[in-house]
$ cat my_file.txt   # compact mmCIF, C-alpha atoms
# COMPACT_ATOMS: atom_id res chain seq x y z
CA MET A 1 -16.10 -3.34 -31.60
CA THR A 2 -18.62 -1.24 -33.58
CA VAL A 3 -21.16 -1.43 -30.75
CA TRP A 4 -18.44 -0.47 -28.28
CA ARG A 5 -17.37 2.58 -30.32
CA ALA A 6 -20.93 3.73 -31.00
CA SER A 7 -21.87 3.41 -27.32
CA LEU A 8 -18.77 5.29 -26.20
CA ALA A 9 -19.38 8.08 -28.73
CA THR A 10 -23.02 8.41 -27.62
CA LEU A 11 -21.96 8.50 -23.98
CA VAL A 12 -19.33 11.21 -24.55
CA LEU A 13 -21.83 13.27 -26.58
CA GLY A 14 -24.46 12.90 -23.87
CA ILE A 15 -22.11 13.99 -21.10
CA ALA A 16 -20.93 16.94 -23.18
CA LEU A 17 -24.52 18.05 -23.87
CA THR A 18 -25.36 17.71 -20.19
CA ALA A 19 -22.33 19.78 -19.21
CA CYS A 20 -23.33 22.52 -21.67
CA GLY A 21 -26.77 22.81 -20.08
CA GLY A 22 -25.40 23.95 -16.73
CA SER A 23 -26.56 26.61 -14.31
CA GLY A 24 -25.68 30.27 -14.12
CA ALA A 25 -28.40 31.47 -16.49
CA PRO A 26 -29.46 35.12 -16.34
CA ALA A 27 -32.57 36.05 -14.38
CA VAL A 28 -35.86 36.22 -16.28
CA GLN A 29 -37.75 39.46 -16.99
CA GLN A 30 -39.79 40.26 -13.88
CA SER A 31 -42.11 42.54 -15.92
CA SER A 32 -43.63 39.52 -17.71
CA PHE A 33 -45.26 38.34 -14.47
CA PRO A 34 -47.82 39.97 -12.13
CA ALA A 35 -46.26 42.68 -9.99
CA ASP A 36 -47.68 41.21 -6.79
CA ALA A 37 -46.37 37.70 -7.46
CA VAL A 38 -44.22 35.98 -4.86
CA TRP A 39 -40.87 34.87 -6.29
CA VAL A 40 -38.96 31.71 -5.49
CA VAL A 41 -35.55 31.24 -7.10
CA ALA A 42 -34.09 27.77 -7.68
CA ARG A 43 -30.34 27.87 -8.17
CA GLY A 44 -27.66 25.21 -7.68
CA ASP A 45 -30.30 22.61 -6.76
CA ALA A 46 -31.43 24.75 -3.80
CA PHE A 47 -34.13 27.36 -3.17
CA ALA A 48 -32.47 30.72 -2.62
CA GLY A 49 -33.78 32.72 0.32
CA GLY A 50 -35.56 29.82 1.93
CA SER A 51 -38.63 31.64 3.29
CA VAL A 52 -41.40 33.68 1.63
CA ALA A 53 -44.42 35.46 3.09
CA VAL A 54 -47.88 35.30 1.48
CA PRO A 55 -51.31 36.59 2.50
CA ALA A 56 -53.44 34.08 4.43
CA GLY A 57 -56.87 33.11 3.14
CA ALA A 58 -56.43 34.53 -0.38
CA PRO A 59 -55.18 32.96 -3.61
CA PHE A 60 -51.81 34.28 -4.74
CA SER A 61 -49.41 34.10 -7.67
CA LEU A 62 -46.06 32.41 -7.23
CA VAL A 63 -43.29 32.55 -9.81
CA LEU A 64 -40.67 29.82 -9.78
CA ASP A 65 -37.53 31.22 -11.40
CA ASN A 66 -35.61 28.07 -12.25
CA ARG A 67 -32.04 29.15 -13.04
CA ASP A 68 -30.70 25.59 -13.21
CA GLY A 69 -30.47 23.41 -16.29
CA THR A 70 -32.29 20.75 -14.30
CA PRO A 71 -36.04 20.25 -13.72
CA HIS A 72 -37.66 21.71 -10.61
CA ASN A 73 -41.10 22.53 -9.25
CA VAL A 74 -42.72 23.84 -6.08
CA THR A 75 -44.96 21.57 -4.03
CA ILE A 76 -46.45 23.06 -0.87
CA LEU A 77 -46.72 20.41 1.81
CA ALA A 78 -49.60 20.07 4.24
CA ASN A 79 -48.76 21.47 7.66
CA GLU A 80 -50.38 18.52 9.42
CA PRO A 81 -49.19 14.88 9.24
CA GLY A 82 -51.00 12.85 6.58
CA GLY A 83 -52.64 15.94 5.08
CA LYS A 84 -53.06 16.55 1.35
CA SER A 85 -50.59 18.93 -0.32
CA PRO A 86 -52.48 22.19 -0.88
CA PHE A 87 -50.55 22.86 -4.10
CA VAL A 88 -48.41 20.86 -6.53
CA GLY A 89 -46.69 22.93 -9.23
CA GLU A 90 -45.78 21.60 -12.66
CA VAL A 91 -42.19 20.35 -13.08
CA PHE A 92 -40.19 22.21 -15.74
CA SER A 93 -36.59 22.48 -16.81
CA GLY A 94 -34.62 25.69 -16.58
CA PRO A 95 -33.39 28.15 -17.19
CA SER A 96 -36.88 29.61 -17.33
CA ALA A 97 -39.63 30.84 -15.04
CA ARG A 98 -43.22 29.76 -14.60
CA LEU A 99 -46.23 31.37 -12.98
CA TYR A 100 -48.21 29.23 -10.55
CA SER A 101 -51.69 30.18 -9.31
CA VAL A 102 -51.80 28.95 -5.73
CA PRO A 103 -55.12 28.53 -3.89
CA ALA A 104 -55.75 30.28 -0.58
CA LEU A 105 -53.80 28.92 2.37
CA PRO A 106 -55.09 29.21 5.96
CA ALA A 107 -52.74 31.15 8.23
CA GLY A 108 -49.74 29.10 9.21
CA THR A 109 -46.28 27.97 8.19
CA TYR A 110 -45.90 25.55 5.31
CA GLN A 111 -42.90 23.76 3.94
CA PHE A 112 -42.42 23.59 0.22
CA ARG A 113 -40.08 21.37 -1.76
CA CYS A 114 -39.05 20.32 -5.24
CA ASP A 115 -40.56 16.91 -6.04
CA VAL A 116 -37.62 15.96 -8.28
CA HIS A 117 -35.04 16.90 -5.62
CA PRO A 118 -36.77 16.42 -2.25
CA GLY A 119 -33.70 17.86 -0.49
CA MET A 120 -34.61 21.28 -1.94
CA THR A 121 -36.91 22.86 0.62
CA GLY A 122 -38.17 26.25 1.73
CA THR A 123 -40.84 27.78 3.94
CA ILE A 124 -44.02 29.71 3.13
CA VAL A 125 -45.50 31.79 5.91
CA ALA A 126 -49.17 32.60 5.34
CA GLY A 127 -50.31 35.42 7.57
CA MET B 128 -6.25 -9.28 -24.34
CA ILE B 129 -8.90 -8.76 -27.00
CA ALA B 130 -11.88 -11.05 -26.66
CA ARG B 131 -13.66 -13.01 -29.34
CA ARG B 132 -16.09 -10.94 -31.39
CA SER B 133 -19.63 -12.15 -31.69
CA THR B 134 -20.83 -12.50 -35.27
CA ASP B 135 -24.45 -13.39 -34.46
CA PRO B 136 -26.43 -10.42 -35.86
CA VAL B 137 -29.33 -10.89 -33.40
CA GLU B 138 -26.93 -10.95 -30.46
CA LEU B 139 -25.15 -7.86 -31.78
CA ALA B 140 -28.44 -6.02 -32.34
CA LEU B 141 -29.71 -6.93 -28.87
CA ARG B 142 -26.42 -5.95 -27.25
CA GLY B 143 -26.36 -2.66 -29.19
CA ALA B 144 -29.95 -1.82 -28.27
CA VAL B 145 -29.36 -2.63 -24.59
CA ALA B 146 -26.19 -0.50 -24.56
CA ALA B 147 -27.96 2.39 -26.33
CA LEU B 148 -30.91 2.30 -23.90
CA THR B 149 -28.53 2.16 -20.94
CA VAL B 150 -26.61 5.17 -22.24
CA ALA B 151 -29.89 7.01 -22.88
CA THR B 152 -31.20 6.48 -19.34
CA ALA B 153 -27.74 7.34 -17.93
CA TRP B 154 -27.86 10.62 -19.85
CA ILE B 155 -31.36 11.41 -18.57
CA HIS B 156 -30.25 10.77 -14.98
CA PHE B 157 -27.14 12.96 -15.42
CA SER B 158 -29.35 15.75 -16.78
CA LEU B 159 -31.48 15.80 -13.60
CA GLY B 160 -28.72 17.08 -11.30
CA GLY B 161 -28.39 16.17 -7.62
CA LEU B 162 -26.15 13.53 -6.05
CA LEU B 163 -28.56 10.59 -6.26
CA PHE B 164 -29.30 11.06 -9.96
CA THR B 165 -25.60 11.54 -10.74
CA LEU B 166 -24.69 8.33 -8.89
CA ASN B 167 -27.48 6.54 -10.74
CA GLY B 168 -26.15 7.86 -14.06
CA LEU B 169 -22.64 6.72 -13.13
CA GLY B 170 -23.99 3.26 -12.29
CA TYR B 171 -25.70 2.97 -15.67
CA THR B 172 -22.57 4.29 -17.45
CA THR B 173 -20.31 1.77 -15.73
CA LEU B 174 -22.63 -1.10 -16.62
CA ALA B 175 -22.98 0.12 -20.23
CA VAL B 176 -19.20 0.15 -20.61
CA ALA B 177 -18.86 -3.28 -18.97
CA LEU B 178 -21.51 -4.60 -21.34
CA VAL B 179 -19.64 -3.74 -24.54
CA VAL B 180 -15.95 -3.30 -23.68
CA PRO B 181 -13.96 -5.86 -25.75
CA ILE B 182 -11.59 -7.19 -23.08
CA SER B 183 -11.56 -10.78 -21.93
CA ILE B 184 -12.44 -10.30 -18.25
CA ALA B 185 -15.54 -8.33 -19.24
CA THR B 186 -16.48 -10.96 -21.81
CA ARG B 187 -16.10 -13.76 -19.24
CA PHE B 188 -18.42 -12.02 -16.81
CA ARG B 189 -20.83 -10.51 -19.35
CA TRP B 190 -23.61 -12.71 -17.93
CA LEU B 191 -23.02 -11.10 -14.52
CA VAL B 192 -23.09 -7.60 -16.03
CA ARG B 193 -26.43 -8.35 -17.71
CA LEU B 194 -27.81 -9.61 -14.41
CA ALA B 195 -26.43 -6.58 -12.52
CA LEU B 196 -27.95 -4.21 -15.10
CA LEU B 197 -31.29 -5.99 -14.82
CA GLY B 198 -31.24 -5.63 -11.02
CA PHE B 199 -30.04 -2.03 -11.13
CA THR B 200 -32.79 -1.05 -13.58
CA ALA B 201 -35.47 -2.82 -11.55
CA MET B 202 -34.25 -1.07 -8.37
CA THR B 203 -34.28 2.30 -10.15
CA ILE B 204 -37.89 1.79 -11.25
CA ALA B 205 -38.88 0.64 -7.76
CA GLY B 206 -37.21 3.73 -6.26
CA TRP B 207 -39.15 5.97 -8.62
CA VAL B 208 -42.45 4.22 -7.85
CA ALA B 209 -41.83 4.72 -4.12
CA PHE B 210 -40.37 8.25 -4.08
CA GLY B 211 -40.09 9.72 -7.58
CA ALA B 212 -41.73 12.78 -9.08
CA ARG B 213 -44.40 12.20 -11.74
CA TYR B 214 -43.68 14.29 -14.84
CA ASP B 215 -43.00 13.88 -18.55
CA VAL B 216 -39.24 13.14 -18.48
CA ALA B 217 -39.73 10.65 -15.64
CA TYR B 218 -42.40 8.78 -17.62
CA ILE B 219 -40.20 8.72 -20.74
CA ASP B 220 -37.28 7.42 -18.68
CA LYS B 221 -39.38 4.70 -17.05
CA GLY B 222 -40.58 3.66 -20.51
CA LEU B 223 -36.95 3.36 -21.64
CA GLU B 224 -36.09 1.37 -18.51
CA LEU B 225 -39.01 -1.03 -19.01
CA LEU B 226 -37.89 -1.56 -22.61
CA LEU B 227 -34.35 -2.08 -21.34
CA ILE B 228 -35.57 -4.78 -18.94
CA GLY B 229 -37.45 -6.51 -21.77
CA LEU B 230 -34.41 -6.51 -24.07
CA LEU B 231 -32.13 -7.59 -21.24
CA LEU B 232 -34.39 -10.56 -20.51
CA ALA B 233 -34.26 -11.48 -24.20
CA ASP B 234 -30.46 -11.13 -24.21
CA ILE B 235 -30.17 -13.24 -21.04
CA TRP B 236 -32.45 -15.86 -22.57
CA ARG B 237 -30.34 -16.04 -25.74
CA ALA B 238 -26.88 -15.77 -24.23
CA ASP B 239 -27.25 -17.33 -20.76
CA GLY B 240 -30.12 -19.80 -21.14
CA GLY B 241 -32.68 -17.67 -19.31
CA ILE B 242 -33.04 -15.79 -16.05
CA VAL B 243 -33.28 -18.95 -13.90
CA GLU B 244 -30.06 -20.33 -15.34
CA ALA B 245 -28.33 -16.95 -14.87
CA LEU B 246 -29.49 -16.77 -11.24
CA ARG B 247 -28.31 -20.35 -10.67
CA ARG B 248 -24.92 -19.34 -12.05
CA LEU B 249 -24.88 -16.31 -9.74
CA ILE B 250 -25.60 -18.50 -6.72
CA GLY B 251 -22.83 -20.85 -7.86
CA LEU B 252 -20.39 -17.96 -8.15
CA ALA B 253 -21.38 -16.59 -4.72
CA ALA B 254 -21.03 -20.06 -3.21
CA SER B 255 -17.58 -20.58 -4.70
CA LEU B 256 -16.47 -17.15 -3.47
CA LEU B 257 -17.70 -17.94 0.03
CA GLY B 258 -16.20 -21.44 -0.04
CA TRP B 259 -19.65 -22.93 0.48
CA ARG B 260 -20.72 -26.12 -1.34
CA PRO B 261 -24.15 -27.71 -1.50
CA GLY B 262 -24.74 -30.52 1.04
CA LYS B 263 -24.47 -33.58 -1.28
CA GLU B 264 -21.26 -32.36 -2.90
CA ALA B 265 -19.64 -31.60 0.46
CA ALA B 266 -20.74 -35.00 1.83
CA ALA B 267 -19.27 -36.78 -1.21
CA ASP B 268 -15.98 -34.97 -0.75
CA SER B 269 -15.75 -35.89 2.92
CA LYS B 270 -16.00 -39.65 2.16
$ encode --input "my_file.txt" --output "structure tokens"
Amino acid sequence: MTVWRASLATLVLGIALTACGGSGAPAVQQSSFPADAVWVVARGDAFAGGSVAVPAGAPFSLVLDNRDGTPHNVTILANEPGGKSPFVGEVFSGPSARLYSVPALPAGTYQFRCDVHPGMTGTIVAG
Amino acid sequence: MIARRSTDPVELALRGAVAALTVATAWIHFSLGGLLFTLNGLGYTTLAVALVVPISIATRFRWLVRLALLGFTAMTIAGWVAFGARYDVAYIDKGLELLLIGLLLADIWRADGGIVEALRRLIGLAASLLGWRPGKEAAADSK
């Protein structure tokens, strides 16, 4: 019975802690990141906006503003089948924001996604 | 309908550790958000409860719960190997799940006579549910 009670108490505590770490966090201070950075907001296990434009052929800064209590990242997928992802961002838990330095992308349209939640997708247009 | 309590300290410790690891990995999966992770967390939670709840039906089928938890954990690890993201929490969780598998195998060995015996019992249960009997037994009955 002791094992049963201890397990149940741990379970209830875990669920309560998880519930407390929910979404709806305030936005981060934009001034702490480069002014020319491209912003992607993750909220409610989805990327808000869906599409961002970046310059082609030049490295750029991308800020992932993770407003969820869950871990997310940005991975830019190759725009040809079997190609190597041009950029894989570090996974981190929100609510917080992280600056990614993305290498130059040739002109084109790229899909990006969250590796933890592959259903979270967006589009980057390099042009 | 309260079941017999085990007094074997090793069995209790193993059962407690397995339940704690199951709850820990359930909590990690709940904390990841998304439907798949939530369902996975619910699966672990259900099995953790079934593993320790002191009612007779759960006690009777504890061997089946251990086997189900072993399979569920192995499938979760396989799913991560095939599709999962590689980052710190994922590695910690897979470590917990591998430890869980090790302790479950030890628990199955102590309580059920080993994984082969437990699988044999599972086949026997499936056969009885389907009304199927092995050839020799059926032949003997027909005489």
$ closest_atom_pairs --input "my_file.txt" --of "chain B" --to "chain A" --cutoff "8 Å" --atoms "only C-alpha atoms" --output "CSV"
residue,atom,partner,partner_atom,distance
B:Arg132,CA,A:Met1,CA,7.6
B:Leu139,CA,A:Val3,CA,7.6
B:Arg142,CA,A:Val3,CA,7.8
B:Gly143,CA,A:Val3,CA,5.6
B:Ala146,CA,A:Ser7,CA,6.4
B:Ala147,CA,A:Ser7,CA,6.3
B:Val150,CA,A:Leu11,CA,6.0
B:Trp154,CA,A:Gly14,CA,5.7
B:Phe157,CA,A:Thr18,CA,7.0
B:Ser158,CA,A:Thr18,CA,5.6
B:Leu159,CA,A:Thr70,CA,5.1
B:Gly160,CA,A:Thr70,CA,5.9
B:Gly161,CA,A:Asp45,CA,6.8
B:Thr172,CA,A:Leu11,CA,7.8
B:Ala175,CA,A:Ser7,CA,7.9
B:Val176,CA,A:Leu8,CA,7.6
B:Val179,CA,A:Trp4,CA,5.1
B:Val180,CA,A:Trp4,CA,5.9
B:Pro181,CA,A:Met1,CA,6.7
B:Gly211,CA,A:Val116,CA,6.7
B:Ala212,CA,A:Val116,CA,5.3
B:Tyr214,CA,A:Val91,CA,6.5
$ atom_distance --input "my_file.txt" --atom1 "atom CA of Val145 of chain B" --atom2 "atom CA of Leu227 of chain B"
6.0 Å
$ atom_distance --input "my_file.txt" --atom1 "atom CA of Leu105 of chain A" --atom2 "atom CA of Trp207 of chain B"
29.4 Å
$ atom_distance --input "my_file.txt" --atom1 "atom CA of Ile155 of chain B" --atom2 "atom CA of Ala42 of chain A"
19.8 Å
$ closest_residue --input "my_file.txt" --among "A:Val52, A:Val41, A:Leu64, A:Val125" --to "Thr109 of chain A" --atoms "only C-alpha atoms"
A:Val125
$ residues_around --input "my_file.txt" --residues "Ile219 of chain B" --least-positions-apart "2" --cutoff "12 Å" --atoms "all atoms listed in the file" --output "PyMOL selection string"
chain B and resi 148+151-152+155-156+204+213-217+221-226
$ write_last_selection --input "my_file.txt" --atoms "C-alpha atoms" --output "compact mmCIF listing (two decimals), in the coordinates of the input"
# COMPACT_ATOMS: atom_id res chain seq x y z
CA LEU B 148 -30.91 2.30 -23.90
CA ALA B 151 -29.89 7.01 -22.88
CA THR B 152 -31.20 6.48 -19.34
CA ILE B 155 -31.36 11.41 -18.57
CA HIS B 156 -30.25 10.77 -14.98
CA ILE B 204 -37.89 1.79 -11.25
CA ARG B 213 -44.40 12.20 -11.74
CA TYR B 214 -43.68 14.29 -14.84
CA ASP B 215 -43.00 13.88 -18.55
CA VAL B 216 -39.24 13.14 -18.48
CA ALA B 217 -39.73 10.65 -15.64
CA LYS B 221 -39.38 4.70 -17.05
CA GLY B 222 -40.58 3.66 -20.51
CA LEU B 223 -36.95 3.36 -21.64
CA GLU B 224 -36.09 1.37 -18.51
CA LEU B 225 -39.01 -1.03 -19.01
CA LEU B 226 -37.89 -1.56 -22.61
$ closest_residue --input "my_file.txt" --among "A:Thr123, A:Asn79, A:Ser101, A:Gln111" --to "Ser61 of chain A" --atoms "all atoms listed in the file"
A:Ser101
$ closest_residue --input "my_file.txt" --among "B:Leu141, B:Leu191, B:Leu169, B:Ala153" --to "Arg247 of chain B" --atoms "all atoms listed in the file"
B:Leu191
$ closest_residue --input "my_file.txt" --among "A:Leu62, A:Ile124, A:Val74, A:Val54" --to "Tyr100 of chain A" --atoms "all atoms listed in the file"
A:Leu62
$ axis_aligned_box --input "my_file.txt" --around "segment 36-40 of chain A" --padding-each-side "5 Å" --output "lines of an AutoDock Vina configuration file"
center_x = -43.3
center_y = 36.5
center_z = -6.2
size_x = 18.7
size_y = 19.5
size_z = 12.6
